[in-house]
Amino acid sequence: MKVLLIILGVVVVAAIAFMAGCRILASRSTEATVGLTAKLPGKIAVVYYSQSKVGNTATVAKWIAKHTGGELVPIEAVEAYPDAYGETLKAAKKDMENDGTRAIKSVPSLDGYDVVFIGSPIWYGTYAPPVAEFFKTHSFAGKTVVPFCTHGGGGSDRYFADVRKACPAATVKDGLTIRGSNQVERRLCTGVTVHHTEDDVVNWLNAVFAATAASATTGSAMDFQTDTSKTKEGKAVTIKDP
């Protein structure tokens, strides 16, 4: 019995130390160590849909807004998706089988903005239905659109192509793909080999802005895209943004 208690004590102490170490790792991994070296001219909006206010897409959107000075513009569904993962998939599939959209709450006009970042989780290979409704009800003529997305393993799939189709009168820059589940796994202290951080977003922003400046100088199209995951070719993976 005494031996059992000693072993149990060692396990508890080790677990506490492990969790503490994970918290330190998580806090360090999300601290930006690089800064923005350039910025797109004009007023910036960072529009995003996230299944929850602390979800992966929301996290990336906040990092973008923090470093660009852009205004956060969340997209919210009038009827929120269920909390249960399976039920969310069923509801999203139903939306996709209809017209692909889902009614959203009022979103401010984009008339005063020059640059619009647009972020979404990847559901059924593209942006979520609330984002589809946002595209349907807003004009992007004459604006610069910069898309970004999060996913849990299926990659960006046709997301960027669909954004371009939805904004035919805008200048659409290639964007950023983040494997969102890594952020969640990091916070839960599970083992992952790639940890995407705020630095990844800042480095991407610098590349986008530098490419834009070069394009303005040379008159050529110089888009930049970072896909931080391995896309499963030929497979549209359904992902819920946590």
# chains A, B, ... in the order shown; residues from 1 in each chain; ligands from 1
>>> closest_atom_pairs(of="range 60-129 of chain A", to="range 137-141 of chain A", cutoff="9 Å", atoms="only C-alpha atoms", output="JSON lines")
{"residue": "A:Ser109", "atom": "CA", "partner": "A:His138", "partner_atom": "CA", "distance": 7.5}
{"residue": "A:Leu110", "atom": "CA", "partner": "A:His138", "partner_atom": "CA", "distance": 7.5}
{"residue": "A:Asp111", "atom": "CA", "partner": "A:Ser139", "partner_atom": "CA", "distance": 8.3}
{"residue": "A:Val116", "atom": "CA", "partner": "A:Phe140", "partner_atom": "CA", "distance": 8.5}
>>> write_last_selection(atoms="N, CA and C atoms", output="PDB file, in the first residue's frame")
ATOM      1  N   SER A 109     -21.468  48.310 -43.287  1.00  0.00           N
ATOM      2  CA  SER A 109     -21.092  48.507 -44.684  1.00  0.00           C
ATOM      3  C   SER A 109     -19.578  48.583 -44.811  1.00  0.00           C
ATOM      4  N   LEU A 110     -19.062  48.086 -45.920  1.00  0.00           N
ATOM      5  CA  LEU A 110     -17.625  48.107 -46.176  1.00  0.00           C
ATOM      6  C   LEU A 110     -17.214  49.332 -47.003  1.00  0.00           C
ATOM      7  N   ASP A 111     -18.140  50.233 -47.219  1.00  0.00           N
ATOM      8  CA  ASP A 111     -17.882  51.382 -48.092  1.00  0.00           C
ATOM      9  C   ASP A 111     -16.648  52.193 -47.677  1.00  0.00           C
ATOM     10  N   VAL A 116      -9.865  44.561 -47.201  1.00  0.00           N
ATOM     11  CA  VAL A 116     -10.737  43.688 -46.407  1.00  0.00           C
ATOM     12  C   VAL A 116     -10.111  42.298 -46.300  1.00  0.00           C
TER      13      VAL A 116
END
>>> residues_around(residues="Pro130 in chain A", least_positions_apart="6", cutoff="9 Å", atoms="only C-alpha atoms", output="PDB file with C-alpha atoms, in the first residue's frame")
ATOM      1  CA  TYR A  49     -16.567  33.872 -39.132  1.00  0.00           C
ATOM      2  CA  ILE A  75     -19.837  37.511 -38.911  1.00  0.00           C
ATOM      3  CA  GLU A  76     -22.540  35.949 -36.758  1.00  0.00           C
ATOM      4  CA  ALA A  77     -25.290  33.614 -37.890  1.00  0.00           C
ATOM      5  CA  GLY A 100     -24.916  27.315 -49.560  1.00  0.00           C
ATOM      6  CA  THR A 101     -25.676  30.272 -47.288  1.00  0.00           C
ATOM      7  CA  ARG A 102     -26.963  30.890 -43.766  1.00  0.00           C
ATOM      8  CA  ALA A 103     -28.668  34.089 -42.605  1.00  0.00           C
ATOM      9  CA  ILE A 104     -26.352  36.416 -40.692  1.00  0.00           C
TER      10      ILE A 104
END
>>> select_by_dssp(residues="range 115-202 of chain A", states="alpha helix (DSSP H)", output="PyMOL selection string")
chain A and resi 129-137+159-166+180-187+198-202
>>> residues_around(residues="Ser50 in chain A", least_positions_apart="4", cutoff="9 Å", atoms="only C-alpha atoms", output="PyMOL selection string")
chain A and resi 54-59+74-76+119-121+128+241-242
>>> write_last_selection(atoms="N, CA and C atoms", output="CSV table (one decimal), in the first residue's frame")
chain,number,residue,atom,x,y,z
A,54,VAL,N,-13.7,32.3,-29.3
A,54,VAL,CA,-12.3,32.0,-29.0
A,54,VAL,C,-11.8,30.9,-29.9
A,55,GLY,N,-12.5,30.7,-31.1
A,55,GLY,CA,-12.1,29.7,-32.0
A,55,GLY,C,-10.8,30.0,-32.8
A,56,ASN,N,-10.4,29.1,-33.6
A,56,ASN,CA,-9.1,29.3,-34.4
A,56,ASN,C,-9.2,30.5,-35.3
A,57,THR,N,-10.2,30.6,-36.1
A,57,THR,CA,-10.3,31.7,-37.1
A,57,THR,C,-10.4,33.0,-36.3
A,58,ALA,N,-11.1,33.0,-35.2
A,58,ALA,CA,-11.1,34.3,-34.4
A,58,ALA,C,-9.8,34.7,-33.9
A,59,THR,N,-9.0,33.7,-33.5
A,59,THR,CA,-7.6,33.9,-33.0
A,59,THR,C,-6.8,34.5,-34.1
A,74,PRO,N,-16.8,40.7,-36.9
A,74,PRO,CA,-17.2,39.3,-36.8
A,74,PRO,C,-18.5,39.1,-37.6
A,75,ILE,N,-18.6,37.9,-38.2
A,75,ILE,CA,-19.8,37.5,-38.9
A,75,ILE,C,-20.5,36.5,-38.0
A,76,GLU,N,-21.8,36.8,-37.7
A,76,GLU,CA,-22.5,35.9,-36.8
A,76,GLU,C,-23.8,35.5,-37.4
A,119,GLY,N,-11.8,35.9,-43.3
A,119,GLY,CA,-11.4,34.6,-42.8
A,119,GLY,C,-12.6,33.7,-42.5
A,120,SER,N,-12.3,32.4,-42.7
A,120,SER,CA,-13.3,31.4,-42.4
A,120,SER,C,-12.7,30.0,-42.1
A,121,PRO,N,-13.4,29.2,-41.4
A,121,PRO,CA,-13.0,27.8,-41.3
A,121,PRO,C,-13.3,27.1,-42.6
A,128,ALA,N,-17.5,28.8,-44.8
A,128,ALA,CA,-18.7,28.4,-44.1
A,128,ALA,C,-19.9,29.2,-44.7
A,241,ASP,N,-14.7,24.5,-36.9
A,241,ASP,CA,-13.8,25.4,-36.2
A,241,ASP,C,-14.1,25.4,-34.7
A,242,PRO,N,-13.2,25.0,-33.9
A,242,PRO,CA,-13.5,24.9,-32.4
A,242,PRO,C,-13.8,26.2,-31.8
>>> atom_distance(atom1="CA of Val47 in chain A", atom2="CA of Val60 in chain A")
11.0 Å
>>> closest_residue(among="A:Lys90, A:Pro108, A:Asp114, A:Glu97", to="Gly70 in chain A", atoms="only C-alpha atoms")
A:Asp114
>>> closest_residue(among="A:Lys39, A:Lys165, A:Lys93, A:Lys136", to="Gly69 in chain A", atoms="only C-alpha atoms")
A:Lys39
>>> atom_distance(atom1="CA of Tyr127 in chain A", atom2="CA of Ala211 in chain A")
24.9 Å
>>> select_by_dssp(residues="range 119-178 of chain A", states="strand (DSSP E or B)", output="JSON, numbers by chain")
{"A": [119, 120, 121, 122, 123, 126, 127, 144, 145, 146, 147, 148, 149, 150, 151, 171, 172, 176, 177, 178]}
>>> atom_distance(atom1="CA of Gly35 in chain A", atom2="CA of Gly153 in chain A")
28.3 Å
>>> closest_residue(among="A:Ala45, A:Val202, A:Val172, A:Ile122", to="Arg158 in chain A", atoms="only C-alpha atoms")
A:Ile122
>>> residues_around(residues="Thr37 in chain A", least_positions_apart="3", cutoff="9 Å", atoms="only C-alpha atoms", output="PyMOL selection string")
chain A and resi 205-206+209-210
>>> write_last_selection(atoms="N, CA and C atoms", output="PDB file, in the first residue's frame")
ATOM      1  N   LEU A 205       1.936  38.550 -43.345  1.00  0.00           N
ATOM      2  CA  LEU A 205       1.535  39.935 -43.608  1.00  0.00           C
ATOM      3  C   LEU A 205       2.673  40.713 -44.265  1.00  0.00           C
ATOM      4  N   ASN A 206       3.875  40.537 -43.763  1.00  0.00           N
ATOM      5  CA  ASN A 206       5.029  41.226 -44.351  1.00  0.00           C
ATOM      6  C   ASN A 206       5.233  40.822 -45.803  1.00  0.00           C
ATOM      7  N   PHE A 209       2.391  42.403 -47.963  1.00  0.00           N
ATOM      8  CA  PHE A 209       2.578  43.841 -48.136  1.00  0.00           C
ATOM      9  C   PHE A 209       3.769  44.128 -49.048  1.00  0.00           C
ATOM     10  N   ALA A 210       4.842  43.335 -48.908  1.00  0.00           N
ATOM     11  CA  ALA A 210       6.016  43.523 -49.750  1.00  0.00           C
ATOM     12  C   ALA A 210       5.670  43.201 -51.205  1.00  0.00           C
TER      13      ALA A 210
END
>>> decode(residues="range 105-146 of chain A", atoms="N, CA and C atoms", output="PDB file, in the first residue's frame")
ATOM      1  N   LYS A 105     -26.409  38.066 -38.964  1.00  0.00           N
ATOM      2  CA  LYS A 105     -26.788  39.321 -38.338  1.00  0.00           C
ATOM      3  C   LYS A 105     -26.182  40.481 -39.138  1.00  0.00           C
ATOM      4  N   SER A 106     -26.724  41.660 -38.938  1.00  0.00           N
ATOM      5  CA  SER A 106     -26.273  42.821 -39.701  1.00  0.00           C
ATOM      6  C   SER A 106     -24.774  43.052 -39.546  1.00  0.00           C
ATOM      7  N   VAL A 107     -24.108  43.267 -40.667  1.00  0.00           N
ATOM      8  CA  VAL A 107     -22.675  43.569 -40.702  1.00  0.00           C
ATOM      9  C   VAL A 107     -22.514  44.977 -41.279  1.00  0.00           C
ATOM     10  N   PRO A 108     -21.683  45.814 -40.666  1.00  0.00           N
ATOM     11  CA  PRO A 108     -21.501  47.186 -41.155  1.00  0.00           C
ATOM     12  C   PRO A 108     -21.110  47.238 -42.619  1.00  0.00           C
ATOM     13  N   SER A 109     -21.468  48.310 -43.287  1.00  0.00           N
ATOM     14  CA  SER A 109     -21.092  48.507 -44.684  1.00  0.00           C
ATOM     15  C   SER A 109     -19.578  48.583 -44.811  1.00  0.00           C
ATOM     16  N   LEU A 110     -19.062  48.086 -45.920  1.00  0.00           N
ATOM     17  CA  LEU A 110     -17.625  48.107 -46.176  1.00  0.00           C
ATOM     18  C   LEU A 110     -17.214  49.332 -47.003  1.00  0.00           C
ATOM     19  N   ASP A 111     -18.140  50.233 -47.219  1.00  0.00           N
ATOM     20  CA  ASP A 111     -17.882  51.382 -48.092  1.00  0.00           C
ATOM     21  C   ASP A 111     -16.648  52.193 -47.677  1.00  0.00           C
ATOM     22  N   GLY A 112     -16.397  52.294 -46.399  1.00  0.00           N
ATOM     23  CA  GLY A 112     -15.283  53.124 -45.940  1.00  0.00           C
ATOM     24  C   GLY A 112     -13.952  52.409 -45.867  1.00  0.00           C
ATOM     25  N   TYR A 113     -13.915  51.146 -46.282  1.00  0.00           N
ATOM     26  CA  TYR A 113     -12.690  50.362 -46.166  1.00  0.00           C
ATOM     27  C   TYR A 113     -12.040  50.142 -47.528  1.00  0.00           C
ATOM     28  N   ASP A 114     -10.722  50.160 -47.520  1.00  0.00           N
ATOM     29  CA  ASP A 114      -9.955  49.938 -48.749  1.00  0.00           C
ATOM     30  C   ASP A 114      -9.452  48.504 -48.851  1.00  0.00           C
ATOM     31  N   VAL A 115      -9.106  47.923 -47.699  1.00  0.00           N
ATOM     32  CA  VAL A 115      -8.565  46.563 -47.633  1.00  0.00           C
ATOM     33  C   VAL A 115      -9.454  45.723 -46.717  1.00  0.00           C
ATOM     34  N   VAL A 116      -9.865  44.561 -47.201  1.00  0.00           N
ATOM     35  CA  VAL A 116     -10.737  43.688 -46.407  1.00  0.00           C
ATOM     36  C   VAL A 116     -10.111  42.298 -46.300  1.00  0.00           C
ATOM     37  N   PHE A 117      -9.679  41.947 -45.095  1.00  0.00           N
ATOM     38  CA  PHE A 117      -9.250  40.575 -44.819  1.00  0.00           C
ATOM     39  C   PHE A 117     -10.515  39.772 -44.546  1.00  0.00           C
ATOM     40  N   ILE A 118     -10.594  38.566 -45.097  1.00  0.00           N
ATOM     41  CA  ILE A 118     -11.775  37.731 -44.894  1.00  0.00           C
ATOM     42  C   ILE A 118     -11.331  36.334 -44.467  1.00  0.00           C
ATOM     43  N   GLY A 119     -11.803  35.896 -43.298  1.00  0.00           N
ATOM     44  CA  GLY A 119     -11.388  34.600 -42.772  1.00  0.00           C
ATOM     45  C   GLY A 119     -12.553  33.678 -42.474  1.00  0.00           C
ATOM     46  N   SER A 120     -12.309  32.386 -42.679  1.00  0.00           N
ATOM     47  CA  SER A 120     -13.344  31.383 -42.432  1.00  0.00           C
ATOM     48  C   SER A 120     -12.705  30.037 -42.129  1.00  0.00           C
ATOM     49  N   PRO A 121     -13.393  29.204 -41.352  1.00  0.00           N
ATOM     50  CA  PRO A 121     -12.960  27.804 -41.254  1.00  0.00           C
ATOM     51  C   PRO A 121     -13.335  27.109 -42.568  1.00  0.00           C
ATOM     52  N   ILE A 122     -12.643  26.033 -42.897  1.00  0.00           N
ATOM     53  CA  ILE A 122     -12.961  25.275 -44.105  1.00  0.00           C
ATOM     54  C   ILE A 122     -14.004  24.216 -43.759  1.00  0.00           C
ATOM     55  N   TRP A 123     -15.173  24.358 -44.360  1.00  0.00           N
ATOM     56  CA  TRP A 123     -16.255  23.385 -44.190  1.00  0.00           C
ATOM     57  C   TRP A 123     -16.618  22.838 -45.560  1.00  0.00           C
ATOM     58  N   TYR A 124     -16.595  21.540 -45.687  1.00  0.00           N
ATOM     59  CA  TYR A 124     -16.913  20.902 -46.961  1.00  0.00           C
ATOM     60  C   TYR A 124     -16.095  21.500 -48.106  1.00  0.00           C
ATOM     61  N   GLY A 125     -14.848  21.818 -47.825  1.00  0.00           N
ATOM     62  CA  GLY A 125     -13.926  22.244 -48.866  1.00  0.00           C
ATOM     63  C   GLY A 125     -13.939  23.716 -49.217  1.00  0.00           C
ATOM     64  N   THR A 126     -14.749  24.520 -48.519  1.00  0.00           N
ATOM     65  CA  THR A 126     -14.811  25.941 -48.851  1.00  0.00           C
ATOM     66  C   THR A 126     -15.184  26.754 -47.610  1.00  0.00           C
ATOM     67  N   TYR A 127     -15.569  28.021 -47.808  1.00  0.00           N
ATOM     68  CA  TYR A 127     -15.925  28.842 -46.657  1.00  0.00           C
ATOM     69  C   TYR A 127     -17.278  28.425 -46.078  1.00  0.00           C
ATOM     70  N   ALA A 128     -17.488  28.755 -44.811  1.00  0.00           N
ATOM     71  CA  ALA A 128     -18.714  28.392 -44.108  1.00  0.00           C
ATOM     72  C   ALA A 128     -19.913  29.157 -44.677  1.00  0.00           C
ATOM     73  N   PRO A 129     -21.124  28.596 -44.613  1.00  0.00           N
ATOM     74  CA  PRO A 129     -22.323  29.241 -45.142  1.00  0.00           C
ATOM     75  C   PRO A 129     -22.547  30.684 -44.686  1.00  0.00           C
ATOM     76  N   PRO A 130     -22.258  31.057 -43.426  1.00  0.00           N
ATOM     77  CA  PRO A 130     -22.424  32.469 -43.051  1.00  0.00           C
ATOM     78  C   PRO A 130     -21.517  33.395 -43.857  1.00  0.00           C
ATOM     79  N   VAL A 131     -20.332  32.922 -44.229  1.00  0.00           N
ATOM     80  CA  VAL A 131     -19.421  33.724 -45.049  1.00  0.00           C
ATOM     81  C   VAL A 131     -19.976  33.839 -46.463  1.00  0.00           C
ATOM     82  N   ALA A 132     -20.590  32.779 -46.960  1.00  0.00           N
ATOM     83  CA  ALA A 132     -21.219  32.820 -48.283  1.00  0.00           C
ATOM     84  C   ALA A 132     -22.316  33.883 -48.308  1.00  0.00           C
ATOM     85  N   GLU A 133     -23.074  33.971 -47.235  1.00  0.00           N
ATOM     86  CA  GLU A 133     -24.126  34.995 -47.148  1.00  0.00           C
ATOM     87  C   GLU A 133     -23.512  36.392 -47.105  1.00  0.00           C
ATOM     88  N   PHE A 134     -22.378  36.529 -46.424  1.00  0.00           N
ATOM     89  CA  PHE A 134     -21.683  37.815 -46.359  1.00  0.00           C
ATOM     90  C   PHE A 134     -21.248  38.252 -47.758  1.00  0.00           C
ATOM     91  N   PHE A 135     -20.678  37.341 -48.511  1.00  0.00           N
ATOM     92  CA  PHE A 135     -20.271  37.653 -49.888  1.00  0.00           C
ATOM     93  C   PHE A 135     -21.478  38.071 -50.728  1.00  0.00           C
ATOM     94  N   LYS A 136     -22.571  37.382 -50.517  1.00  0.00           N
ATOM     95  CA  LYS A 136     -23.780  37.612 -51.311  1.00  0.00           C
ATOM     96  C   LYS A 136     -24.368  39.001 -51.059  1.00  0.00           C
ATOM     97  N   THR A 137     -24.195  39.522 -49.861  1.00  0.00           N
ATOM     98  CA  THR A 137     -24.870  40.764 -49.481  1.00  0.00           C
ATOM     99  C   THR A 137     -23.955  41.983 -49.414  1.00  0.00           C
ATOM    100  N   HIS A 138     -22.684  41.853 -49.818  1.00  0.00           N
ATOM    101  CA  HIS A 138     -21.764  42.978 -49.762  1.00  0.00           C
ATOM    102  C   HIS A 138     -21.013  43.143 -51.081  1.00  0.00           C
ATOM    103  N   SER A 139     -20.667  44.368 -51.388  1.00  0.00           N
ATOM    104  CA  SER A 139     -19.915  44.666 -52.604  1.00  0.00           C
ATOM    105  C   SER A 139     -18.433  44.878 -52.273  1.00  0.00           C
ATOM    106  N   PHE A 140     -17.578  44.353 -53.129  1.00  0.00           N
ATOM    107  CA  PHE A 140     -16.135  44.482 -52.927  1.00  0.00           C
ATOM    108  C   PHE A 140     -15.466  45.200 -54.090  1.00  0.00           C
ATOM    109  N   ALA A 141     -16.263  45.850 -54.909  1.00  0.00           N
ATOM    110  CA  ALA A 141     -15.737  46.538 -56.088  1.00  0.00           C
ATOM    111  C   ALA A 141     -14.694  47.577 -55.702  1.00  0.00           C
ATOM    112  N   GLY A 142     -13.529  47.483 -56.333  1.00  0.00           N
ATOM    113  CA  GLY A 142     -12.469  48.453 -56.103  1.00  0.00           C
ATOM    114  C   GLY A 142     -11.661  48.234 -54.834  1.00  0.00           C
ATOM    115  N   LYS A 143     -11.966  47.184 -54.092  1.00  0.00           N
ATOM    116  CA  LYS A 143     -11.253  46.934 -52.834  1.00  0.00           C
ATOM    117  C   LYS A 143     -10.176  45.870 -53.021  1.00  0.00           C
ATOM    118  N   THR A 144      -9.261  45.834 -52.062  1.00  0.00           N
ATOM    119  CA  THR A 144      -8.273  44.755 -52.003  1.00  0.00           C
ATOM    120  C   THR A 144      -8.758  43.747 -50.978  1.00  0.00           C
ATOM    121  N   VAL A 145      -8.929  42.510 -51.381  1.00  0.00           N
ATOM    122  CA  VAL A 145      -9.411  41.445 -50.493  1.00  0.00           C
ATOM    123  C   VAL A 145      -8.267  40.473 -50.210  1.00  0.00           C
ATOM    124  N   VAL A 146      -8.053  40.186 -48.940  1.00  0.00           N
ATOM    125  CA  VAL A 146      -6.978  39.269 -48.533  1.00  0.00           C
ATOM    126  C   VAL A 146      -7.604  38.133 -47.720  1.00  0.00           C
TER     127      VAL A 146
END
